[in-house]
Amino acid sequence: QVQLVESGGGLVQAGGSLRLSCAASGRTFSTYAMGWFRQAPGKEREFVAAVSRSGGYTVHADSAKGRFAISRDNAKNTVCLEMNSLKPEDTAVYYCAAAYSSSYSRTYYHSYEYSYWGQGTQVTVSS
């Protein structure tokens, strides 16, 4: 099993930046593809970004392209989401998730593909 703990959320003004981190337990972190999702009040959870188990392949939602960047460090069992040029519409609870993958290059877009989830961290962007 994998346990995930997010950190780094907070309140920031529009145009500002935040770096979210997700720490994973266990010795098999490198066998999991990782992803970030978010859920705003009254809305469904949505995909933000994903990274392959190797870290060599990433994908970002259209809303995140050019502003957010996902990365991972398998030696430290962490995955990060660097968020720049934040907008009020980025306000949400951000979740880290893990999907076991036999492929070094595959990324996963859908929440049902992920087996493990963190508790979430709140990001609030003020206008």
# chains A, B, ... in the order shown; residues from 1 in each chain; ligands from 1
call {"tool": "select_by_dssp", "arguments": {"residues": "region 6-121 of chain A", "states": "strand (DSSP E or B)", "output": "PyMOL selection string"}}
result
chain A and resi 6-7+10-13+18-24+32-39+46-51+58-60+68-73+78-83+92-100+116-117+121
call {"tool": "residues_around", "arguments": {"residues": "Thr124 (chain A)", "least_positions_apart": "5", "cutoff": "12 Å", "atoms": "only C-alpha atoms", "output": "ChimeraX atom specification"}}
result
/A:8-14,16-18,38-41,86-94
call {"tool": "write_last_selection", "arguments": {"atoms": "all heavy atoms", "output": "compact mmCIF listing (two decimals), in the first residue's frame"}}
result
# COMPACT_ATOMS: atom_id res chain seq x y z
N GLY A 8 1.75 22.22 1.39
CA GLY A 8 2.12 23.36 0.56
C GLY A 8 0.97 24.25 0.13
O GLY A 8 1.19 25.29 -0.50
N GLY A 9 -0.25 23.86 0.45
CA GLY A 9 -1.38 24.70 0.10
C GLY A 9 -1.42 25.96 0.94
O GLY A 9 -0.65 26.12 1.90
N GLY A 10 -2.32 26.86 0.57
CA GLY A 10 -2.46 28.09 1.34
C GLY A 10 -3.23 29.13 0.58
O GLY A 10 -3.88 28.84 -0.44
N LEU A 11 -3.15 30.35 1.09
CA LEU A 11 -3.83 31.50 0.48
C LEU A 11 -2.81 32.33 -0.26
O LEU A 11 -1.76 32.68 0.29
CB LEU A 11 -4.50 32.33 1.58
CG LEU A 11 -5.13 33.66 1.16
CD1 LEU A 11 -6.28 33.41 0.18
CD2 LEU A 11 -5.58 34.43 2.38
N VAL A 12 -3.12 32.65 -1.50
CA VAL A 12 -2.20 33.44 -2.33
C VAL A 12 -3.01 34.39 -3.20
O VAL A 12 -4.16 34.10 -3.54
CB VAL A 12 -1.32 32.50 -3.19
CG1 VAL A 12 -2.16 31.71 -4.17
CG2 VAL A 12 -0.22 33.27 -3.89
N GLN A 13 -2.43 35.51 -3.54
CA GLN A 13 -3.10 36.46 -4.41
C GLN A 13 -3.00 36.01 -5.87
O GLN A 13 -2.06 35.28 -6.24
CB GLN A 13 -2.48 37.84 -4.26
CG GLN A 13 -2.82 38.53 -2.95
CD GLN A 13 -2.36 39.97 -2.92
OE1 GLN A 13 -1.41 40.34 -3.59
NE2 GLN A 13 -3.06 40.79 -2.14
N ALA A 14 -3.93 36.45 -6.66
CA ALA A 14 -3.89 36.14 -8.08
C ALA A 14 -2.56 36.58 -8.68
O ALA A 14 -2.04 37.67 -8.35
CB ALA A 14 -5.05 36.84 -8.80
N GLY A 16 0.16 34.93 -8.11
CA GLY A 16 1.19 34.37 -7.26
C GLY A 16 1.51 32.92 -7.57
O GLY A 16 0.98 32.34 -8.54
N SER A 17 2.35 32.33 -6.74
CA SER A 17 2.82 30.96 -6.96
C SER A 17 2.74 30.15 -5.68
O SER A 17 2.81 30.68 -4.58
CB SER A 17 4.28 30.98 -7.43
OG SER A 17 4.42 31.68 -8.64
N LEU A 18 2.57 28.85 -5.87
CA LEU A 18 2.61 27.89 -4.78
C LEU A 18 3.28 26.62 -5.28
O LEU A 18 3.19 26.30 -6.48
CB LEU A 18 1.21 27.54 -4.26
CG LEU A 18 0.50 28.52 -3.34
CD1 LEU A 18 -0.91 28.05 -3.06
CD2 LEU A 18 1.26 28.71 -2.03
N ARG A 38 -7.93 18.14 -8.56
CA ARG A 38 -8.46 19.18 -7.70
C ARG A 38 -9.98 19.15 -7.72
O ARG A 38 -10.59 18.67 -8.68
CB ARG A 38 -7.95 20.57 -8.12
CG ARG A 38 -8.46 21.05 -9.47
CD ARG A 38 -7.77 22.35 -9.86
NE ARG A 38 -8.29 22.89 -11.12
CZ ARG A 38 -7.78 23.96 -11.71
NH1 ARG A 38 -6.74 24.60 -11.19
NH2 ARG A 38 -8.31 24.38 -12.85
N GLN A 39 -10.54 19.65 -6.65
CA GLN A 39 -12.00 19.71 -6.55
C GLN A 39 -12.40 21.03 -5.91
O GLN A 39 -12.03 21.30 -4.76
CB GLN A 39 -12.55 18.54 -5.75
CG GLN A 39 -14.06 18.44 -5.78
CD GLN A 39 -14.56 17.10 -5.27
OE1 GLN A 39 -13.87 16.36 -4.59
NE2 GLN A 39 -15.81 16.78 -5.62
N ALA A 40 -13.13 21.81 -6.66
CA ALA A 40 -13.66 23.08 -6.16
C ALA A 40 -15.05 22.85 -5.57
O ALA A 40 -15.72 21.87 -5.92
CB ALA A 40 -13.73 24.09 -7.29
N PRO A 41 -15.49 23.71 -4.69
CA PRO A 41 -16.82 23.54 -4.07
C PRO A 41 -17.92 23.43 -5.13
O PRO A 41 -17.99 24.25 -6.05
CB PRO A 41 -16.97 24.80 -3.23
CG PRO A 41 -15.58 25.22 -2.92
CD PRO A 41 -14.77 24.87 -4.13
N LEU A 86 -1.20 32.01 -10.68
CA LEU A 86 -2.45 31.45 -10.15
C LEU A 86 -3.62 32.40 -10.36
O LEU A 86 -3.45 33.64 -10.33
CB LEU A 86 -2.30 31.13 -8.67
CG LEU A 86 -1.50 29.84 -8.40
CD1 LEU A 86 -0.99 29.80 -6.98
CD2 LEU A 86 -2.36 28.62 -8.69
N LYS A 87 -4.77 31.79 -10.59
CA LYS A 87 -6.00 32.53 -10.85
C LYS A 87 -7.04 32.15 -9.79
O LYS A 87 -6.98 31.06 -9.22
CB LYS A 87 -6.54 32.16 -12.23
CG LYS A 87 -5.57 32.36 -13.37
CD LYS A 87 -6.14 31.85 -14.67
CE LYS A 87 -5.17 31.99 -15.83
NZ LYS A 87 -5.73 31.47 -17.10
N PRO A 88 -8.02 33.01 -9.56
CA PRO A 88 -9.07 32.66 -8.59
C PRO A 88 -9.76 31.34 -8.92
O PRO A 88 -10.16 30.60 -8.01
CB PRO A 88 -10.03 33.85 -8.69
CG PRO A 88 -9.16 35.00 -9.07
CD PRO A 88 -8.14 34.41 -10.02
N GLU A 89 -9.87 31.01 -10.19
CA GLU A 89 -10.51 29.76 -10.58
C GLU A 89 -9.67 28.53 -10.28
O GLU A 89 -10.13 27.39 -10.46
CB GLU A 89 -10.91 29.78 -12.07
CG GLU A 89 -9.79 30.17 -13.01
CD GLU A 89 -9.85 31.65 -13.37
OE1 GLU A 89 -10.07 32.49 -12.47
OE2 GLU A 89 -9.63 31.95 -14.57
N ASP A 90 -8.44 28.73 -9.84
CA ASP A 90 -7.61 27.60 -9.39
C ASP A 90 -7.93 27.22 -7.94
O ASP A 90 -7.39 26.22 -7.44
CB ASP A 90 -6.12 27.96 -9.50
CG ASP A 90 -5.67 28.14 -10.94
OD1 ASP A 90 -6.09 27.36 -11.81
OD2 ASP A 90 -4.89 29.10 -11.18
N THR A 91 -8.76 27.99 -7.28
CA THR A 91 -9.13 27.69 -5.91
C THR A 91 -9.82 26.33 -5.82
O THR A 91 -10.81 26.09 -6.53
CB THR A 91 -10.05 28.78 -5.35
OG1 THR A 91 -9.32 30.01 -5.28
CG2 THR A 91 -10.56 28.41 -3.97
N ALA A 92 -9.28 25.45 -4.99
CA ALA A 92 -9.81 24.09 -4.87
C ALA A 92 -9.00 23.35 -3.81
O ALA A 92 -7.96 23.84 -3.35
CB ALA A 92 -9.69 23.35 -6.20
N VAL A 93 -9.49 22.17 -3.47
CA VAL A 93 -8.69 21.24 -2.70
C VAL A 93 -7.92 20.40 -3.72
O VAL A 93 -8.50 19.84 -4.65
CB VAL A 93 -9.56 20.33 -1.81
CG1 VAL A 93 -8.68 19.31 -1.07
CG2 VAL A 93 -10.34 21.18 -0.81
N TYR A 94 -6.62 20.32 -3.52
CA TYR A 94 -5.75 19.60 -4.44
C TYR A 94 -5.35 18.26 -3.82
O TYR A 94 -4.92 18.21 -2.66
CB TYR A 94 -4.50 20.42 -4.76
CG TYR A 94 -4.80 21.53 -5.75
CD1 TYR A 94 -5.55 22.63 -5.37
CD2 TYR A 94 -4.33 21.46 -7.06
CE1 TYR A 94 -5.83 23.65 -6.28
CE2 TYR A 94 -4.60 22.47 -7.98
CZ TYR A 94 -5.36 23.55 -7.58
OH TYR A 94 -5.64 24.55 -8.48
call {"tool": "residues_around", "arguments": {"residues": "region 45-62 of chain A", "least_positions_apart": "2", "cutoff": "6 Å", "atoms": "only C-alpha atoms", "output": "list in words"}}
result
Ser30, Thr31, Tyr32, Ala33, Met34, Gly35, Trp36, Phe37, Arg38, Gln39, Ala64, Lys65, Arg72, Tyr104, Ser105, Arg106 and Thr107 of chain A
call {"tool": "write_last_selection", "arguments": {"atoms": "N, CA, C and O atoms", "output": "JSON list (two decimals), in the first residue's frame"}}
result
[["chain", "number", "residue", "atom", "x", "y", "z"],
["A", 30, "SER", "N", 8.46, 4.07, -6.80],
["A", 30, "SER", "CA", 8.84, 4.17, -8.21],
["A", 30, "SER", "C", 8.03, 3.24, -9.12],
["A", 30, "SER", "O", 8.19, 3.29, -10.34],
["A", 31, "THR", "N", 7.18, 2.40, -8.56],
["A", 31, "THR", "CA", 6.32, 1.56, -9.38],
["A", 31, "THR", "C", 4.95, 2.19, -9.62],
["A", 31, "THR", "O", 4.09, 1.59, -10.25],
["A", 32, "TYR", "N", 4.76, 3.41, -9.11],
["A", 32, "TYR", "CA", 3.49, 4.09, -9.24],
["A", 32, "TYR", "C", 3.62, 5.33, -10.11],
["A", 32, "TYR", "O", 4.51, 6.15, -9.91],
["A", 33, "ALA", "N", 2.71, 5.44, -11.06],
["A", 33, "ALA", "CA", 2.51, 6.72, -11.74],
["A", 33, "ALA", "C", 1.75, 7.61, -10.77],
["A", 33, "ALA", "O", 0.95, 7.12, -9.95],
["A", 34, "MET", "N", 1.99, 8.90, -10.85],
["A", 34, "MET", "CA", 1.40, 9.83, -9.89],
["A", 34, "MET", "C", 0.60, 10.91, -10.60],
["A", 34, "MET", "O", 0.87, 11.25, -11.77],
["A", 35, "GLY", "N", -0.37, 11.44, -9.89],
["A", 35, "GLY", "CA", -1.18, 12.49, -10.48],
["A", 35, "GLY", "C", -1.65, 13.49, -9.44],
["A", 35, "GLY", "O", -1.61, 13.23, -8.24],
["A", 36, "TRP", "N", -2.03, 14.65, -9.92],
["A", 36, "TRP", "CA", -2.67, 15.68, -9.10],
["A", 36, "TRP", "C", -4.06, 15.94, -9.67],
["A", 36, "TRP", "O", -4.23, 16.09, -10.89],
["A", 37, "PHE", "N", -5.01, 16.02, -8.77],
["A", 37, "PHE", "CA", -6.39, 16.36, -9.12],
["A", 37, "PHE", "C", -6.83, 17.51, -8.21],
["A", 37, "PHE", "O", -6.18, 17.79, -7.20],
["A", 38, "ARG", "N", -7.93, 18.14, -8.56],
["A", 38, "ARG", "CA", -8.46, 19.18, -7.70],
["A", 38, "ARG", "C", -9.98, 19.15, -7.72],
["A", 38, "ARG", "O", -10.59, 18.67, -8.68],
["A", 39, "GLN", "N", -10.54, 19.65, -6.65],
["A", 39, "GLN", "CA", -12.00, 19.71, -6.55],
["A", 39, "GLN", "C", -12.40, 21.03, -5.91],
["A", 39, "GLN", "O", -12.03, 21.30, -4.76],
["A", 64, "ALA", "N", -3.94, 23.92, -16.99],
["A", 64, "ALA", "CA", -2.68, 24.00, -16.25],
["A", 64, "ALA", "C", -1.47, 24.23, -17.15],
["A", 64, "ALA", "O", -0.40, 24.62, -16.67],
["A", 65, "LYS", "N", -1.63, 24.00, -18.42],
["A", 65, "LYS", "CA", -0.50, 24.10, -19.34],
["A", 65, "LYS", "C", 0.10, 25.50, -19.34],
["A", 65, "LYS", "O", -0.61, 26.50, -19.41],
["A", 72, "ARG", "N", 8.67, 14.64, -10.07],
["A", 72, "ARG", "CA", 8.80, 13.66, -9.00],
["A", 72, "ARG", "C", 10.26, 13.39, -8.72],
["A", 72, "ARG", "O", 11.13, 13.56, -9.59],
["A", 104, "TYR", "N", 6.91, 2.19, -17.66],
["A", 104, "TYR", "CA", 7.73, 3.31, -17.22],
["A", 104, "TYR", "C", 7.26, 4.64, -17.80],
["A", 104, "TYR", "O", 7.59, 5.70, -17.26],
["A", 105, "SER", "N", 6.49, 4.59, -18.87],
["A", 105, "SER", "CA", 6.16, 5.82, -19.58],
["A", 105, "SER", "C", 4.70, 6.24, -19.51],
["A", 105, "SER", "O", 4.37, 7.35, -19.87],
["A", 106, "ARG", "N", 3.84, 5.37, -19.01],
["A", 106, "ARG", "CA", 2.41, 5.68, -19.07],
["A", 106, "ARG", "C", 2.01, 6.70, -18.01],
["A", 106, "ARG", "O", 2.51, 6.68, -16.89],
["A", 107, "THR", "N", 1.09, 7.60, -18.41],
["A", 107, "THR", "CA", 0.46, 8.53, -17.49],
["A", 107, "THR", "C", -1.04, 8.26, -17.47],
["A", 107, "THR", "O", -1.58, 7.68, -18.42]]
call {"tool": "residues_around", "arguments": {"residues": "Arg67 (chain A)", "least_positions_apart": "5", "cutoff": "7 Å", "atoms": "only C-alpha atoms", "output": "list in words"}}
result
Met83, Asn84 and Ser85 of chain A
call {"tool": "closest_residue", "arguments": {"among": "A:Ala69, A:Ala75, A:Ala98, A:Val125", "to": "Leu20 (chain A)", "atoms": "only C-alpha atoms"}}
result
A:Ala69
call {"tool": "atom_distance", "arguments": {"atom1": "CA of Ser101 (chain A)", "atom2": "CA of Ser21 (chain A)"}}
result
20.8 Å
call {"tool": "residues_around", "arguments": {"residues": "Asn77 (chain A)", "least_positions_apart": "2", "cutoff": "7 Å", "atoms": "only C-alpha atoms", "output": "mmCIF file with N, CA and C atoms, in the first residue's frame"}}
result
data_model
loop_
_atom_site.group_PDB
_atom_site.id
_atom_site.type_symbol
_atom_site.label_atom_id
_atom_site.label_comp_id
_atom_site.auth_asym_id
_atom_site.auth_seq_id
_atom_site.Cartn_x
_atom_site.Cartn_y
_atom_site.Cartn_z
ATOM 1 N N ALA A 23 4.201 13.590 -0.162
ATOM 2 C CA ALA A 23 5.146 12.603 0.341
ATOM 3 C C ALA A 23 4.480 11.239 0.392
ATOM 4 N N ALA A 24 5.163 10.239 -0.156
ATOM 5 C CA ALA A 24 4.609 8.892 -0.212
ATOM 6 C C ALA A 24 5.387 7.954 0.692
ATOM 7 N N PHE A 29 7.543 3.249 -4.295
ATOM 8 C CA PHE A 29 7.032 4.490 -4.898
ATOM 9 C C PHE A 29 7.307 4.536 -6.392
ATOM 10 N N ASP A 73 10.516 12.946 -7.508
ATOM 11 C CA ASP A 73 11.848 12.552 -7.102
ATOM 12 C C ASP A 73 11.715 11.174 -6.460
ATOM 13 N N ASN A 74 12.073 10.139 -7.200
ATOM 14 C CA ASN A 74 11.882 8.779 -6.691
ATOM 15 C C ASN A 74 12.825 8.460 -5.524
ATOM 16 N N ALA A 75 13.933 9.143 -5.456
ATOM 17 C CA ALA A 75 14.857 8.915 -4.340
ATOM 18 C C ALA A 75 14.282 9.448 -3.032
#
call {"tool": "closest_residue", "arguments": {"among": "A:Ser111, A:Ser102, A:Gln3, A:Ser25", "to": "Lys76 (chain A)", "atoms": "only C-alpha atoms"}}
result
A:Ser25
call {"tool": "select_by_dssp", "arguments": {"residues": "region 9-127 of chain A", "states": "helix (DSSP H, G or I)", "output": "list in words"}}
result
Phe29, Ser30, Thr31, Pro88, Glu89, Asp90, Ser111, Tyr112 and Glu113 of chain A
call {"tool": "closest_residue", "arguments": {"among": "A:Gln119, A:Phe68, A:Val2, A:Tyr108", "to": "Cys96 (chain A)", "atoms": "only C-alpha atoms"}}
result
A:Gln119
call {"tool": "atom_distance", "arguments": {"atom1": "CA of Thr78 (chain A)", "atom2": "CA of Glu44 (chain A)"}}
result
25.6 Å
call {"tool": "atom_distance", "arguments": {"atom1": "CA of Gln1 (chain A)", "atom2": "CA of Tyr116 (chain A)"}}
result
8.0 Å
call {"tool": "closest_residue", "arguments": {"among": "A:Ser63, A:Gly42, A:Tyr112, A:Gly120", "to": "Leu4 (chain A)", "atoms": "only C-alpha atoms"}}
result
A:Gly120
call {"tool": "decode", "arguments": {"residues": "region 81-121 of chain A", "atoms": "C-alpha atoms", "output": "PDB file, in the first residue's frame"}}
result
ATOM      1  CA  LEU A  81       3.191  20.502  -8.408  1.00  0.00           C
ATOM      2  CA  GLU A  82       4.690  23.886  -9.128  1.00  0.00           C
ATOM      3  CA  MET A  83       1.908  26.394  -9.717  1.00  0.00           C
ATOM      4  CA  ASN A  84       2.541  29.841 -11.177  1.00  0.00           C
ATOM      5  CA  SER A  85       0.325  32.679 -12.396  1.00  0.00           C
ATOM      6  CA  LEU A  86      -2.446  31.455 -10.153  1.00  0.00           C
ATOM      7  CA  LYS A  87      -5.998  32.526 -10.851  1.00  0.00           C
ATOM      8  CA  PRO A  88      -9.074  32.658  -8.588  1.00  0.00           C
ATOM      9  CA  GLU A  89     -10.513  29.757 -10.581  1.00  0.00           C
ATOM     10  CA  ASP A  90      -7.608  27.604  -9.392  1.00  0.00           C
ATOM     11  CA  THR A  91      -9.126  27.687  -5.907  1.00  0.00           C
ATOM     12  CA  ALA A  92      -9.807  24.093  -4.866  1.00  0.00           C
ATOM     13  CA  VAL A  93      -8.688  21.237  -2.703  1.00  0.00           C
ATOM     14  CA  TYR A  94      -5.748  19.595  -4.436  1.00  0.00           C
ATOM     15  CA  TYR A  95      -5.242  15.854  -4.165  1.00  0.00           C
ATOM     16  CA  CYS A  96      -2.246  13.694  -4.860  1.00  0.00           C
ATOM     17  CA  ALA A  97      -2.934  10.193  -6.199  1.00  0.00           C
ATOM     18  CA  ALA A  98      -0.990   7.030  -7.067  1.00  0.00           C
ATOM     19  CA  ALA A  99      -1.667   4.445  -9.762  1.00  0.00           C
ATOM     20  CA  TYR A 100       0.331   1.244  -9.957  1.00  0.00           C
ATOM     21  CA  SER A 101       1.903   1.010 -13.388  1.00  0.00           C
ATOM     22  CA  SER A 102       3.845  -1.714 -15.145  1.00  0.00           C
ATOM     23  CA  SER A 103       4.883   0.857 -17.739  1.00  0.00           C
ATOM     24  CA  TYR A 104       7.734   3.308 -17.216  1.00  0.00           C
ATOM     25  CA  SER A 105       6.163   5.815 -19.582  1.00  0.00           C
ATOM     26  CA  ARG A 106       2.410   5.680 -19.071  1.00  0.00           C
ATOM     27  CA  THR A 107       0.465   8.529 -17.487  1.00  0.00           C
ATOM     28  CA  TYR A 108      -3.101   8.340 -16.219  1.00  0.00           C
ATOM     29  CA  TYR A 109      -5.853  10.914 -16.679  1.00  0.00           C
ATOM     30  CA  HIS A 110      -8.890   9.451 -14.970  1.00  0.00           C
ATOM     31  CA  SER A 111      -9.498   9.406 -11.253  1.00  0.00           C
ATOM     32  CA  TYR A 112     -10.768   5.801 -11.396  1.00  0.00           C
ATOM     33  CA  GLU A 113      -7.329   4.684 -12.538  1.00  0.00           C
ATOM     34  CA  TYR A 114      -5.796   5.764  -9.244  1.00  0.00           C
ATOM     35  CA  SER A 115      -5.890   3.460  -6.241  1.00  0.00           C
ATOM     36  CA  TYR A 116      -4.437   5.663  -3.528  1.00  0.00           C
ATOM     37  CA  TRP A 117      -5.294   9.212  -2.561  1.00  0.00           C
ATOM     38  CA  GLY A 118      -4.038  11.786  -0.115  1.00  0.00           C
ATOM     39  CA  GLN A 119      -6.255  13.799   2.176  1.00  0.00           C
ATOM     40  CA  GLY A 120      -5.930  16.949   0.095  1.00  0.00           C
ATOM     41  CA  THR A 121      -4.539  20.427   0.634  1.00  0.00           C
TER      42      THR A 121
END
